[in-house]
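Take a look at the structure set out below.
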Amino acid sequence: MNEFSILCRVIGSLFNRQPQDPLLVPLFTLLREGKLQSQWPLEQDELLTRLQQNSDPQALAADYNALFVGSDCNVPPYASQWPEGKTEPEVRAFLTSRGMPLSDAPADHFGVLLLAASWLEDQSAEDESAAQLALFEEYLLPWCGTFLGKVEAHATTAFYRTLAMLSREAIQAMYNELLESSEEAPDA
């Protein structure tokens, strides 16, 4: 797993799963022990330290639920619920066309889109950069800035406010990397 994939997998998982989800225990352990910083490819030490200081999954559950869960959540995590976002069937069709196995859960969830970027990276198809660029430009970037701004504004915990800031910076860095690699490609 390379740096791009790690960023997408960590951020995607933190948005996609309840903080007390057993699958996140290893990630929260890394965070709490300060071990994520040594593996984090971006210069975001201050934000990672803030996450570390506020990473008690039980304390985060109420904020996660208020932010992202249910029809009356403060910040819908689905692209289809934002004016700039694509519909769930459009997102699902794109990911399916890339060969990504999907569950019945909505494919247009912010966390799922980042996990999809990680999956595309890990598959290393010849046209992975083009697929990732399309994922970012068409399905993630049009609405994620507004989404992350709302997370920052509505979060009651420092963890989710910080995660929104960290995510914004990381997504921009990954997008810049995708643009650079697409410009370097001989057929671009």
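All residue names refer to the structure tokens as shown: chains lettered A, B, ... in order, residues numbered from 1 in each chain, ligands numbered from 1 in order.
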Write out as a PDB file with C-alpha atoms, in the first residue's frame all residues of chain A that DSSP puts in alpha helix (DSSP H) for this structure's backbone.
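Saved as selection10.pdb:
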ATOM      1  CA  GLU A   3       1.126   6.776   0.552  1.00  0.00           C
ATOM      2  CA  PHE A   4      -1.870   7.772  -1.583  1.00  0.00           C
ATOM      3  CA  SER A   5      -3.682   4.585  -0.642  1.00  0.00           C
ATOM      4  CA  ILE A   6      -2.880   5.017   3.066  1.00  0.00           C
ATOM      5  CA  LEU A   7      -4.282   8.554   3.131  1.00  0.00           C
ATOM      6  CA  CYS A   8      -7.485   7.520   1.354  1.00  0.00           C
ATOM      7  CA  ARG A   9      -7.931   4.401   3.468  1.00  0.00           C
ATOM      8  CA  VAL A  10      -7.430   6.156   6.828  1.00  0.00           C
ATOM      9  CA  ILE A  11      -9.593   9.196   6.075  1.00  0.00           C
ATOM     10  CA  GLY A  12     -12.222   7.144   4.265  1.00  0.00           C
ATOM     11  CA  SER A  13     -12.491   4.690   7.154  1.00  0.00           C
ATOM     12  CA  LEU A  14     -12.824   7.453   9.760  1.00  0.00           C
ATOM     13  CA  PHE A  15     -15.736   8.977   7.846  1.00  0.00           C
ATOM     14  CA  ASN A  16     -17.320   5.717   6.713  1.00  0.00           C
ATOM     15  CA  VAL A  25      -9.854  -0.281  16.863  1.00  0.00           C
ATOM     16  CA  PRO A  26      -6.374  -0.718  15.268  1.00  0.00           C
ATOM     17  CA  LEU A  27      -6.593   2.726  13.636  1.00  0.00           C
ATOM     18  CA  PHE A  28      -7.668   4.459  16.856  1.00  0.00           C
ATOM     19  CA  THR A  29      -4.880   2.601  18.689  1.00  0.00           C
ATOM     20  CA  LEU A  30      -2.329   3.954  16.206  1.00  0.00           C
ATOM     21  CA  LEU A  31      -3.793   7.433  16.636  1.00  0.00           C
ATOM     22  CA  ARG A  32      -3.848   7.351  20.438  1.00  0.00           C
ATOM     23  CA  ASP A  45       1.859  16.821  12.465  1.00  0.00           C
ATOM     24  CA  GLU A  46      -0.113  19.514  14.304  1.00  0.00           C
ATOM     25  CA  LEU A  47      -3.451  18.163  13.010  1.00  0.00           C
ATOM     26  CA  LEU A  48      -2.452  14.572  13.736  1.00  0.00           C
ATOM     27  CA  THR A  49      -1.463  15.559  17.285  1.00  0.00           C
ATOM     28  CA  ARG A  50      -4.884  17.183  17.727  1.00  0.00           C
ATOM     29  CA  LEU A  51      -6.552  13.991  16.486  1.00  0.00           C
ATOM     30  CA  GLN A  52      -4.398  11.964  18.880  1.00  0.00           C
ATOM     31  CA  GLN A  53      -5.424  14.124  21.840  1.00  0.00           C
ATOM     32  CA  PRO A  57     -14.052   6.426  20.181  1.00  0.00           C
ATOM     33  CA  GLN A  58     -16.760   6.329  22.868  1.00  0.00           C
ATOM     34  CA  ALA A  59     -16.600  10.098  23.313  1.00  0.00           C
ATOM     35  CA  LEU A  60     -16.882  10.579  19.546  1.00  0.00           C
ATOM     36  CA  ALA A  61     -19.947   8.402  18.952  1.00  0.00           C
ATOM     37  CA  ALA A  62     -22.571  11.072  19.721  1.00  0.00           C
ATOM     38  CA  ASP A  63     -20.837  13.628  17.478  1.00  0.00           C
ATOM     39  CA  TYR A  64     -20.512  11.120  14.624  1.00  0.00           C
ATOM     40  CA  ASN A  65     -24.199  10.248  14.871  1.00  0.00           C
ATOM     41  CA  ALA A  66     -25.320  13.891  15.004  1.00  0.00           C
ATOM     42  CA  LEU A  67     -23.091  14.776  12.068  1.00  0.00           C
ATOM     43  CA  PHE A  68     -23.637  11.865   9.678  1.00  0.00           C
ATOM     44  CA  GLU A  88     -25.886   7.500  -6.089  1.00  0.00           C
ATOM     45  CA  PRO A  89     -26.625   5.516  -9.300  1.00  0.00           C
ATOM     46  CA  GLU A  90     -24.063   7.648 -11.196  1.00  0.00           C
ATOM     47  CA  VAL A  91     -21.408   7.003  -8.548  1.00  0.00           C
ATOM     48  CA  ARG A  92     -22.274   3.301  -8.380  1.00  0.00           C
ATOM     49  CA  ALA A  93     -22.094   2.981 -12.186  1.00  0.00           C
ATOM     50  CA  PHE A  94     -18.658   4.627 -12.273  1.00  0.00           C
ATOM     51  CA  LEU A  95     -17.228   2.441  -9.497  1.00  0.00           C
ATOM     52  CA  THR A  96     -18.761  -0.708 -10.960  1.00  0.00           C
ATOM     53  CA  SER A  97     -17.297   0.147 -14.367  1.00  0.00           C
ATOM     54  CA  PHE A 110     -17.785  10.524   1.324  1.00  0.00           C
ATOM     55  CA  GLY A 111     -15.875   7.760   3.119  1.00  0.00           C
ATOM     56  CA  VAL A 112     -16.734   5.198   0.432  1.00  0.00           C
ATOM     57  CA  LEU A 113     -15.421   7.529  -2.291  1.00  0.00           C
ATOM     58  CA  LEU A 114     -12.077   7.831  -0.496  1.00  0.00           C
ATOM     59  CA  LEU A 115     -11.959   4.080   0.066  1.00  0.00           C
ATOM     60  CA  ALA A 116     -12.694   3.707  -3.663  1.00  0.00           C
ATOM     61  CA  ALA A 117      -9.696   5.944  -4.453  1.00  0.00           C
ATOM     62  CA  SER A 118      -7.560   3.666  -2.270  1.00  0.00           C
ATOM     63  CA  TRP A 119      -8.986   0.599  -4.005  1.00  0.00           C
ATOM     64  CA  LEU A 120      -8.225   2.080  -7.451  1.00  0.00           C
ATOM     65  CA  GLU A 121      -4.681   2.852  -6.336  1.00  0.00           C
ATOM     66  CA  ASP A 122      -4.172  -0.658  -4.989  1.00  0.00           C
ATOM     67  CA  GLN A 123      -5.503  -2.266  -8.181  1.00  0.00           C
ATOM     68  CA  GLU A 128      -5.637   3.975 -12.686  1.00  0.00           C
ATOM     69  CA  SER A 129      -4.508   7.609 -12.759  1.00  0.00           C
ATOM     70  CA  ALA A 130      -7.226   8.544 -15.225  1.00  0.00           C
ATOM     71  CA  ALA A 131      -9.815   6.705 -13.135  1.00  0.00           C
ATOM     72  CA  GLN A 132      -8.615   8.369  -9.930  1.00  0.00           C
ATOM     73  CA  LEU A 133      -8.595  11.777 -11.590  1.00  0.00           C
ATOM     74  CA  ALA A 134     -12.171  11.174 -12.771  1.00  0.00           C
ATOM     75  CA  LEU A 141     -14.186  17.554  -5.425  1.00  0.00           C
ATOM     76  CA  PRO A 142     -17.413  19.247  -6.597  1.00  0.00           C
ATOM     77  CA  TRP A 143     -19.006  18.842  -3.152  1.00  0.00           C
ATOM     78  CA  CYS A 144     -16.345  17.820  -0.635  1.00  0.00           C
ATOM     79  CA  GLY A 145     -15.236  21.374   0.201  1.00  0.00           C
ATOM     80  CA  THR A 146     -18.759  22.342   1.213  1.00  0.00           C
ATOM     81  CA  PHE A 147     -19.197  19.037   3.031  1.00  0.00           C
ATOM     82  CA  LEU A 148     -15.946  19.388   5.007  1.00  0.00           C
ATOM     83  CA  GLY A 149     -16.754  23.029   5.834  1.00  0.00           C
ATOM     84  CA  LYS A 150     -20.086  21.929   7.289  1.00  0.00           C
ATOM     85  CA  VAL A 151     -18.379  19.149   9.267  1.00  0.00           C
ATOM     86  CA  GLU A 152     -16.007  21.740  10.705  1.00  0.00           C
ATOM     87  CA  ALA A 153     -18.895  24.078  11.547  1.00  0.00           C
ATOM     88  CA  HIS A 154     -21.228  21.477  13.084  1.00  0.00           C
ATOM     89  CA  ALA A 158     -12.187  18.637  18.224  1.00  0.00           C
ATOM     90  CA  PHE A 159     -11.647  15.259  16.540  1.00  0.00           C
ATOM     91  CA  TYR A 160     -14.148  15.780  13.720  1.00  0.00           C
ATOM     92  CA  ARG A 161     -13.300  19.477  13.275  1.00  0.00           C
ATOM     93  CA  THR A 162      -9.654  18.467  12.949  1.00  0.00           C
ATOM     94  CA  LEU A 163     -10.455  15.512  10.701  1.00  0.00           C
ATOM     95  CA  ALA A 164     -12.271  17.889   8.340  1.00  0.00           C
ATOM     96  CA  MET A 165      -9.221  20.197   8.164  1.00  0.00           C
ATOM     97  CA  LEU A 166      -6.809  17.297   7.731  1.00  0.00           C
ATOM     98  CA  SER A 167      -9.034  15.784   5.027  1.00  0.00           C
ATOM     99  CA  ARG A 168      -9.292  19.037   3.082  1.00  0.00           C
ATOM    100  CA  GLU A 169      -5.497  19.401   2.997  1.00  0.00           C
ATOM    101  CA  ALA A 170      -4.922  15.719   2.183  1.00  0.00           C
ATOM    102  CA  ILE A 171      -7.499  15.645  -0.625  1.00  0.00           C
ATOM    103  CA  GLN A 172      -5.965  18.765  -2.177  1.00  0.00           C
ATOM    104  CA  ALA A 173      -2.461  17.248  -1.922  1.00  0.00           C
ATOM    105  CA  MET A 174      -3.649  13.977  -3.491  1.00  0.00           C
ATOM    106  CA  TYR A 175      -5.476  15.827  -6.260  1.00  0.00           C
ATOM    107  CA  ASN A 176      -2.354  17.893  -7.006  1.00  0.00           C
ATOM    108  CA  GLU A 177      -0.362  14.660  -7.180  1.00  0.00           C
ATOM    109  CA  LEU A 178      -2.909  13.160  -9.585  1.00  0.00           C
ATOM    110  CA  LEU A 179      -2.727  16.266 -11.780  1.00  0.00           C
ATOM    111  CA  GLU A 180       1.074  16.144 -11.835  1.00  0.00           C
ATOM    112  CA  SER A 181       1.163  12.457 -12.696  1.00  0.00           C
ATOM    113  CA  SER A 182      -1.438  12.922 -15.452  1.00  0.00           C
ATOM    114  CA  GLU A 183       0.648  15.753 -16.953  1.00  0.00           C
ATOM    115  CA  GLU A 184       3.720  13.523 -16.889  1.00  0.00           C
TER     116      GLU A 184
END
